[in-house]
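Below: model26.txt (compact mmCIF, C-alpha atoms)
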# COMPACT_ATOMS: atom_id res chain seq x y z
CA MET A 907 -29.42 -5.24 11.58
CA THR A 908 -25.91 -4.24 10.52
CA PRO A 909 -23.51 -4.69 13.46
CA ILE A 910 -21.55 -1.77 14.88
CA THR A 911 -17.85 -2.33 14.19
CA ALA A 912 -14.69 -1.05 15.84
CA LEU A 913 -10.92 -1.24 15.46
CA ILE A 914 -8.31 -1.13 18.25
CA ALA A 915 -4.85 0.32 17.51
CA ASP A 916 -2.25 0.09 20.26
CA ASP A 917 1.30 -1.23 20.42
CA GLU A 918 0.75 -2.83 23.85
CA PRO A 919 -0.76 -6.34 23.59
CA LEU A 920 -2.00 -6.32 27.19
CA LEU A 921 -3.81 -3.03 26.67
CA ARG A 922 -5.51 -4.37 23.54
CA GLU A 923 -6.59 -7.51 25.40
CA ARG A 924 -7.89 -5.53 28.38
CA LEU A 925 -9.86 -3.18 26.15
CA ARG A 926 -11.32 -6.11 24.17
CA SER A 927 -12.36 -7.82 27.41
CA HIS A 928 -14.07 -4.71 28.82
CA LEU A 929 -15.87 -3.99 25.56
CA ALA A 930 -17.15 -7.57 25.38
CA GLN A 931 -18.80 -7.10 28.75
CA LEU A 932 -20.05 -3.53 28.30
CA TRP A 933 -21.09 -3.74 24.64
CA PRO A 934 -21.51 -7.39 23.58
CA GLU A 935 -23.17 -6.35 20.28
CA LEU A 936 -20.02 -4.49 19.19
CA HIS A 937 -18.00 -6.37 16.58
CA LEU A 938 -14.21 -5.82 16.72
CA THR A 939 -12.81 -6.08 13.21
CA GLY A 940 -9.19 -6.44 14.29
CA ASP A 941 -6.18 -5.17 16.22
CA ALA A 942 -3.39 -2.96 14.91
CA ARG A 943 0.03 -2.56 16.48
CA ASN A 944 0.80 0.81 14.88
CA GLY A 945 -0.73 3.55 12.79
CA ALA A 946 0.18 2.04 9.43
CA GLU A 947 -1.54 -1.24 10.32
CA ALA A 948 -4.54 0.70 11.63
CA LEU A 949 -4.99 2.51 8.29
CA GLU A 950 -4.66 -0.73 6.37
CA LEU A 951 -7.26 -2.50 8.53
CA PHE A 952 -9.54 0.54 8.38
CA GLU A 953 -9.57 0.49 4.59
CA GLN A 954 -10.36 -3.25 4.62
CA HIS A 955 -13.20 -3.16 7.16
CA GLN A 956 -14.41 0.48 7.36
CA PRO A 957 -15.30 0.34 11.09
CA GLN A 958 -17.49 3.06 12.58
CA ILE A 959 -15.28 3.42 15.69
CA VAL A 960 -11.50 3.50 16.10
CA PHE A 961 -9.73 3.27 19.47
CA LEU A 962 -6.31 4.89 18.93
CA ASP A 963 -3.30 4.90 21.19
CA ILE A 964 -1.66 8.32 20.93
CA HIS A 965 1.88 6.98 21.37
CA MET A 966 2.57 4.37 18.69
CA PRO A 967 5.79 3.70 16.77
CA GLY A 968 6.01 5.06 13.25
CA LEU A 969 2.70 6.74 12.47
CA ASN A 970 1.32 7.86 15.85
CA GLY A 971 -2.33 8.08 16.82
CA ILE A 972 -2.72 11.74 15.93
CA GLU A 973 -1.24 11.31 12.45
CA THR A 974 -3.42 8.24 11.97
CA ALA A 975 -6.52 10.19 13.00
CA LYS A 976 -5.73 12.88 10.43
CA ALA A 977 -5.32 10.24 7.74
CA LEU A 978 -8.74 8.80 8.57
CA ALA A 979 -10.20 12.13 7.42
CA ARG A 980 -13.13 12.10 9.87
CA ARG A 981 -14.53 8.84 8.55
CA ALA A 982 -15.02 7.27 11.98
CA HIS A 983 -15.77 8.09 15.62
CA LEU A 984 -12.43 8.41 17.43
CA VAL A 985 -11.51 7.43 20.97
CA PHE A 986 -7.92 8.17 21.96
CA VAL A 987 -6.12 6.08 24.55
CA THR A 988 -3.41 7.93 26.47
CA ALA A 989 -1.25 7.62 29.55
CA TYR A 990 -1.06 11.42 29.85
CA GLU A 991 -4.42 12.88 30.76
CA GLN A 992 -3.40 16.36 31.82
CA TYR A 993 -1.30 17.43 28.85
CA ALA A 994 -4.09 16.49 26.43
CA LEU A 995 -7.09 17.51 28.48
CA GLN A 996 -7.58 20.89 26.81
CA ALA A 997 -7.88 19.30 23.38
CA PHE A 998 -10.28 16.64 24.62
CA GLU A 999 -12.43 19.24 26.40
CA GLN A 1000 -13.18 20.84 23.04
CA GLY A 1001 -15.55 17.92 22.58
CA ALA A 1002 -14.01 16.84 19.30
CA ILE A 1003 -12.56 13.60 20.60
CA ASP A 1004 -13.31 11.16 23.38
CA TYR A 1005 -10.46 9.65 25.37
CA LEU A 1006 -9.50 6.89 27.79
CA VAL A 1007 -6.63 6.97 30.26
CA LYS A 1008 -4.30 4.01 30.76
CA PRO A 1009 -4.79 1.68 32.55
CA ILE A 1010 -8.32 1.32 31.20
CA ASP A 1011 -10.98 1.91 33.84
CA ALA A 1012 -14.22 -0.04 33.26
CA GLU A 1013 -16.42 2.74 34.66
CA ARG A 1014 -14.82 5.40 32.44
CA LEU A 1015 -15.12 3.07 29.44
CA ALA A 1016 -18.82 2.55 30.23
CA ASP A 1017 -19.33 6.33 29.90
CA THR A 1018 -17.49 6.29 26.57
CA VAL A 1019 -19.65 3.42 25.32
CA GLN A 1020 -22.83 5.34 26.18
CA ARG A 1021 -21.57 8.44 24.35
CA LEU A 1022 -20.67 6.39 21.30
CA GLN A 1023 -24.06 4.70 21.27
CA ARG A 1024 -25.80 8.09 21.37
CA GLN A 1025 -23.59 9.41 18.56
CA LEU A 1026 -24.19 6.34 16.40
CA ALA A 1027 -27.94 6.64 16.86
CA ALA A 1028 -27.85 10.14 15.36
CA PRO A 1029 -26.85 11.10 11.80
CA PHE A 1030 -23.07 11.31 11.42
CA GLN A 1031 -21.95 14.93 11.52
CA THR A 1032 -18.58 16.36 10.56
CA ASN A 1033 -16.95 17.79 13.67
CA GLN A 1034 -15.63 21.21 12.74
CA THR A 1035 -13.31 21.38 15.78
CA LEU A 1036 -11.59 18.06 15.14
CA ASP A 1037 -8.70 19.45 13.08
CA ALA A 1038 -7.94 22.12 15.68
CA ALA A 1039 -8.04 19.54 18.48
CA LEU A 1040 -5.67 17.22 16.59
CA ASP A 1041 -3.24 20.08 15.93
CA LEU A 1042 -3.28 20.96 19.63
CA LEU A 1043 -2.64 17.37 20.59
CA ALA A 1044 0.21 17.12 18.10
CA GLY A 1045 1.85 20.19 19.63
CA ARG A 1046 1.53 18.81 23.14
CA LEU A 1047 2.94 15.49 22.01
CA GLU A 1048 6.03 17.13 20.48
CA GLN A 1049 6.67 18.99 23.75
CA ARG A 1050 6.71 15.77 25.77
CA ILE A 1051 8.78 13.51 23.52
CA PRO A 1052 12.56 14.13 23.18
CA PRO A 1053 14.03 14.09 19.66
CA ARG A 1054 14.48 10.52 18.47
CA ARG A 1055 17.67 9.16 16.94
CA TRP A 1056 16.66 7.66 13.62
CA LEU A 1057 18.56 5.00 11.69
CA GLN A 1058 21.58 6.49 9.92
CA TRP A 1059 23.21 3.41 8.37
CA ILE A 1060 21.95 0.08 7.06
CA LYS A 1061 24.27 -2.93 7.31
CA ALA A 1062 23.97 -5.22 4.30
CA SER A 1063 25.92 -8.22 3.01
CA VAL A 1064 27.28 -7.66 -0.49
CA GLY A 1065 29.21 -10.69 -1.71
CA ASN A 1066 31.75 -11.59 0.97
CA SER A 1067 31.74 -8.16 2.59
CA VAL A 1068 29.44 -6.09 4.78
CA ARG A 1069 28.50 -2.65 3.46
CA LEU A 1070 27.41 0.30 5.58
CA ILE A 1071 24.82 2.06 3.43
CA PRO A 1072 24.00 5.68 4.38
CA VAL A 1073 20.21 5.94 4.60
CA GLU A 1074 20.19 9.22 2.65
CA GLN A 1075 21.42 7.24 -0.39
CA VAL A 1076 18.60 4.67 -0.14
CA SER A 1077 15.88 5.25 -2.74
CA PHE A 1078 13.45 2.56 -1.60
CA LEU A 1079 13.14 -0.69 0.36
CA ARG A 1080 10.92 -3.58 -0.69
CA ALA A 1081 10.02 -6.90 0.91
CA GLU A 1082 11.39 -9.90 -0.99
CA GLU A 1083 10.10 -13.14 0.61
CA LYS A 1084 12.15 -13.56 3.83
CA TYR A 1085 14.37 -10.56 3.10
CA THR A 1086 14.13 -6.85 2.33
CA LEU A 1087 15.69 -5.44 -0.80
CA VAL A 1088 17.61 -2.19 -0.22
CA THR A 1089 18.23 -0.07 -3.32
CA TRP A 1090 20.71 2.78 -3.09
CA ASP A 1091 22.89 4.90 -5.36
CA GLU A 1092 25.56 2.24 -5.79
CA GLY A 1093 23.44 -0.89 -6.14
CA GLU A 1094 21.14 -3.31 -4.35
CA ALA A 1095 21.44 -5.63 -1.36
CA LEU A 1096 19.29 -7.91 0.76
CA ILE A 1097 18.91 -7.58 4.52
CA ARG A 1098 17.00 -9.66 7.05
CA LYS A 1099 15.24 -6.75 8.74
CA SER A 1100 11.52 -6.53 7.87
CA ILE A 1101 9.60 -3.60 6.44
CA ARG A 1102 7.64 -3.44 9.70
CA GLU A 1103 10.85 -2.99 11.68
CA LEU A 1104 12.37 -0.50 9.26
CA VAL A 1105 9.35 1.80 9.14
CA GLU A 1106 9.73 2.31 12.90
CA GLU A 1107 13.49 3.02 12.68
CA LEU A 1108 13.63 5.39 9.69
CA ASP A 1109 12.94 9.12 9.94
CA PRO A 1110 9.26 9.58 8.93
CA GLU A 1111 10.07 13.05 7.58
CA ARG A 1112 12.21 11.37 4.91
CA PHE A 1113 10.91 7.79 4.56
CA VAL A 1114 7.27 6.75 4.28
CA GLN A 1115 5.58 3.42 3.77
CA VAL A 1116 3.68 3.37 0.48
CA HIS A 1117 2.53 -0.23 0.41
CA ARG A 1118 2.44 -3.19 2.76
CA SER A 1119 5.77 -4.29 1.27
CA ALA A 1120 7.54 -1.03 0.39
CA ILE A 1121 9.10 2.12 1.88
CA VAL A 1122 10.27 5.05 -0.24
CA ASN A 1123 12.71 7.90 0.31
CA LEU A 1124 10.68 11.03 -0.47
CA GLY A 1125 13.82 12.75 -1.72
CA TYR A 1126 13.91 10.35 -4.67
CA VAL A 1127 10.28 10.79 -5.73
CA THR A 1128 10.08 12.75 -8.99
CA GLU A 1129 6.44 12.16 -9.94
CA VAL A 1130 3.21 10.89 -8.35
CA VAL A 1131 0.71 9.54 -10.87
CA ARG A 1132 -2.79 9.11 -9.48
CA GLY A 1133 -4.61 5.88 -10.32
CA VAL A 1134 -8.08 4.46 -9.87
CA ASN A 1135 -9.66 3.64 -6.50
CA GLU A 1136 -7.45 6.13 -4.63
CA THR A 1137 -4.14 4.52 -5.59
CA ALA A 1138 -1.04 5.98 -7.22
CA GLU A 1139 2.34 5.14 -8.73
CA LEU A 1140 5.68 6.71 -7.82
CA HIS A 1141 8.46 7.47 -10.30
CA LEU A 1142 11.91 7.75 -8.76
CA ARG A 1143 15.07 9.65 -9.68
CA GLY A 1144 17.62 7.33 -11.25
CA ARG A 1145 15.40 4.24 -11.06
CA LYS A 1146 13.38 2.37 -13.69
CA GLU A 1147 11.07 0.78 -11.10
CA VAL A 1148 7.61 2.24 -10.53
CA LEU A 1149 6.37 1.83 -6.95
CA PRO A 1150 2.63 1.35 -6.33
CA VAL A 1151 0.96 3.34 -3.56
CA SER A 1152 -1.99 1.61 -1.94
CA ARG A 1153 -5.04 3.49 -0.70
CA SER A 1154 -3.98 3.18 2.94
CA TYR A 1155 -0.85 5.27 2.31
CA LEU A 1156 -2.02 7.75 -0.32
CA HIS A 1157 -2.44 10.45 2.35
CA HIS A 1158 1.36 10.96 2.29
CA PHE A 1159 1.05 12.47 -1.18
CA ARG A 1160 -2.16 14.51 -1.02
CA GLN A 1161 -0.20 17.71 -0.37
CA MET A 1162 2.48 17.06 -3.02
Write the structure described by the file as structure tokens, please.
Amino acid sequence: MTPITALIADDEPLLRERLRSHLAQLWPELHLTGDARNGAEALELFEQHQPQIVFLDIHMPGLNGIETAKALARRAHLVFVTAYEQYALQAFEQGAIDYLVKPIDAERLADTVQRLQRQLAAPFQTNQTLDAALDLLAGRLEQRIPPRRWLQWIKASVGNSVRLIPVEQVSFLRAEEKYTLVTWDEGEALIRKSIRELVEELDPERFVQVHRSAIVNLGYVTEVVRGVNETAELHLRGRKEVLPVSRSYLHHFRQM
């Protein structure tokens, strides 16, 4: 018999451990394919393992749980994990999404497990109210979170000096062994900050991760060329490089 698989996405290690422990007791047959610390990691792990269930924290750095759920395109049963029950309750009551409230309560999780087992025993059906519920959740989330101050300058060593590079002039960033290569209008430089750190500090309306090792400034993208197996290549203004887009991040360009 093929095992039922699930993925946990939450930026709190203790929450992930607590949820794993409860699930091991309540549903020992469930196979957890991995843990993700943010939405981008969750999408990458989902594409690798294709789990039937995804436990998603709503509040995650970078790509939050709601944006991640939209990118999954209804390919899994979703269970949101939230610290704010009341503001999201209306969306959950539509029946499109199940939810757990932090800290995880074993009795509430047992009810969720039973619902998931019933759903998995029946043919998978597309939930027509899911998109509306996600839009409602996104609106509630925006009301609760104050505007965030995104990174405006990147400090980089160029020769014997330190340059302050305005982020609006950065075309893309790419991991280079222990460093990250920053390319901007006036040249290139290496910094020690990782792609994982940068994707959480840059404005997601302007910068998106397109590969495990690359972030692009959407303002520099001139052409998106679709490839095989739901991949793509990006051509950039003023650059000869062509950036690959992996399947996990192709959703950024479906509307372009």
List as a compact mmCIF listing (two decimals) with C-alpha atoms, in the coordinates of the input the protein and nucleic acid residues near A:Glu1074, meaning an atom at most 12 Å away when all atoms listed in the file are counted, but skip any in the same chain fewer than 5 places from it.
# COMPACT_ATOMS: atom_id res chain seq x y z
CA TRP A 1056 16.66 7.66 13.62
CA LEU A 1057 18.56 5.00 11.69
CA GLN A 1058 21.58 6.49 9.92
CA TRP A 1059 23.21 3.41 8.37
CA ILE A 1060 21.95 0.08 7.06
CA THR A 1089 18.23 -0.07 -3.32
CA TRP A 1090 20.71 2.78 -3.09
CA ASP A 1091 22.89 4.90 -5.36
CA LEU A 1108 13.63 5.39 9.69
CA ASP A 1109 12.94 9.12 9.94
CA GLU A 1111 10.07 13.05 7.58
CA ARG A 1112 12.21 11.37 4.91
CA PHE A 1113 10.91 7.79 4.56
CA VAL A 1122 10.27 5.05 -0.24
CA ASN A 1123 12.71 7.90 0.31
CA LEU A 1124 10.68 11.03 -0.47
CA GLY A 1125 13.82 12.75 -1.72
CA TYR A 1126 13.91 10.35 -4.67
Inset, instruction - Quick one: residues within 7 Å of (6.9, -4.4, 6.9) (file frame), counting only C-alpha atoms, please, as a PyMOL selection string. - result: chain A and resi 1100-1103+1118-1119
Legend entry - Polymer residues at most 9 Å from A:Leu1040, all atoms listed in the file, same-chain spacing of 2 or more positions, as a count of residues only: 15
Inset, instruction - Compare A:Asp1041, A:Glu953, A:Glu1082, A:Glu1136 by their minimum atom-to-atom distance to A:Lys1099, counting all atoms listed in the file, and give me the closest one. - result: A:Glu1082
Inset, instruction - Between A:Glu1107, A:Asp963, A:Glu935, A:Glu1094, single out the one closest to A:Ile1010, counting all atoms listed in the file. - result: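 Comparing A:Glu1107, A:Asp963, A:Glu935, A:Glu1094 against A:Ile1010, the winner is A:Asp963.
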Legend entry - Å distance separating atom CA of A:Leu1015 from atom CA of A:Val960, one decimal place: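 Here the two named atoms are 13.8 Å from each other.
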Inset, instruction - For stretch 980-987 of chain A, work out the shell of residues within 10 Å, counting all atoms listed in the file and skipping chain neighbours fewer than 5 positions away, then give it as an MDAnalysis selection string. - result: chainID A and resid 912:916 921 952 956:965 971:972 975 998 1002:1010 1018 1022 1025:1026 1030:1034 1036:1037
Inset, instruction - Compare A:Ala948, A:Asp941, A:Lys1061, A:Gln954 by their minimum atom-to-atom distance to A:Leu978, counting all atoms listed in the file, and give me the closest one. - result: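 Checking each of A:Ala948, A:Asp941, A:Lys1061, A:Gln954 against A:Leu978, counting all atoms listed in the file, the winner is A:Ala948.
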Inset, instruction - Grab the atom CA of A:Pro1150 to atom CA of A:Met966 distance for me, in Å with one decimal place. - result: 25.2 Å
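Between atom CA of A:Asn944 and atom CA of A:Pro919 lies a distance of 11.4 Å.
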Legend entry - Minimum-distance residue to A:Arg1080, chosen among A:Ala1138, A:Leu951, A:Val1068, A:Leu1149 (using all atoms listed in the file):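 Going through A:Ala1138, A:Leu951, A:Val1068, A:Leu1149 one by one, the smallest distance to A:Arg1080 is for A:Leu1149.
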Inset, instruction - Pick out the closest residue to A:Gly968 from this set: A:Arg1145, A:Arg1021, A:Arg943, A:His1158. Count all atoms listed in the file. - result: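 Counting all atoms listed in the file, the residue closest to A:Gly968 is A:Arg943.
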Inset, instruction - Write out as a PyMOL selection string the residues lying within 10 Å of A:Arg1153, counting all atoms listed in the file and excluding same-chain residues fewer than 2 positions away. - result: chain A and resi 949-950+953+1116-1117+1133-1138+1150-1151+1155-1157
Legend entry - For A:Glu1092: contacts at 12 Å, all atoms listed in the file, fewer than 2 positions along chain excluded, given as an NGL selection string: :A and (1064 or 1069-1072 or 1075-1077 or 1088-1090 or 1094-1095 or 1144-1145)
Legend entry - Selected residue of minimal separation from A:Ala1016 among A:Leu925, A:Val1105, A:Ala977, A:Ala1081, counting all atoms listed in the file: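 Selected residue with least distance to A:Ala1016: A:Leu925.
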Around (-13.8, -9.1, 16.9), as given in the file, which residues come within 9 Å? Count all atoms listed in the file and list them as a PDB file with C-alpha atoms, in the coordinates of the input.
ATOM      1  CA  THR A 911     -17.850  -2.330  14.190  1.00  0.00           C
ATOM      2  CA  ALA A 912     -14.690  -1.050  15.840  1.00  0.00           C
ATOM      3  CA  LEU A 913     -10.920  -1.240  15.460  1.00  0.00           C
ATOM      4  CA  ARG A 926     -11.320  -6.110  24.170  1.00  0.00           C
ATOM      5  CA  LEU A 936     -20.020  -4.490  19.190  1.00  0.00           C
ATOM      6  CA  HIS A 937     -18.000  -6.370  16.580  1.00  0.00           C
ATOM      7  CA  LEU A 938     -14.210  -5.820  16.720  1.00  0.00           C
ATOM      8  CA  THR A 939     -12.810  -6.080  13.210  1.00  0.00           C
ATOM      9  CA  GLY A 940      -9.190  -6.440  14.290  1.00  0.00           C
ATOM     10  CA  ASP A 941      -6.180  -5.170  16.220  1.00  0.00           C
TER      11      ASP A 941
END
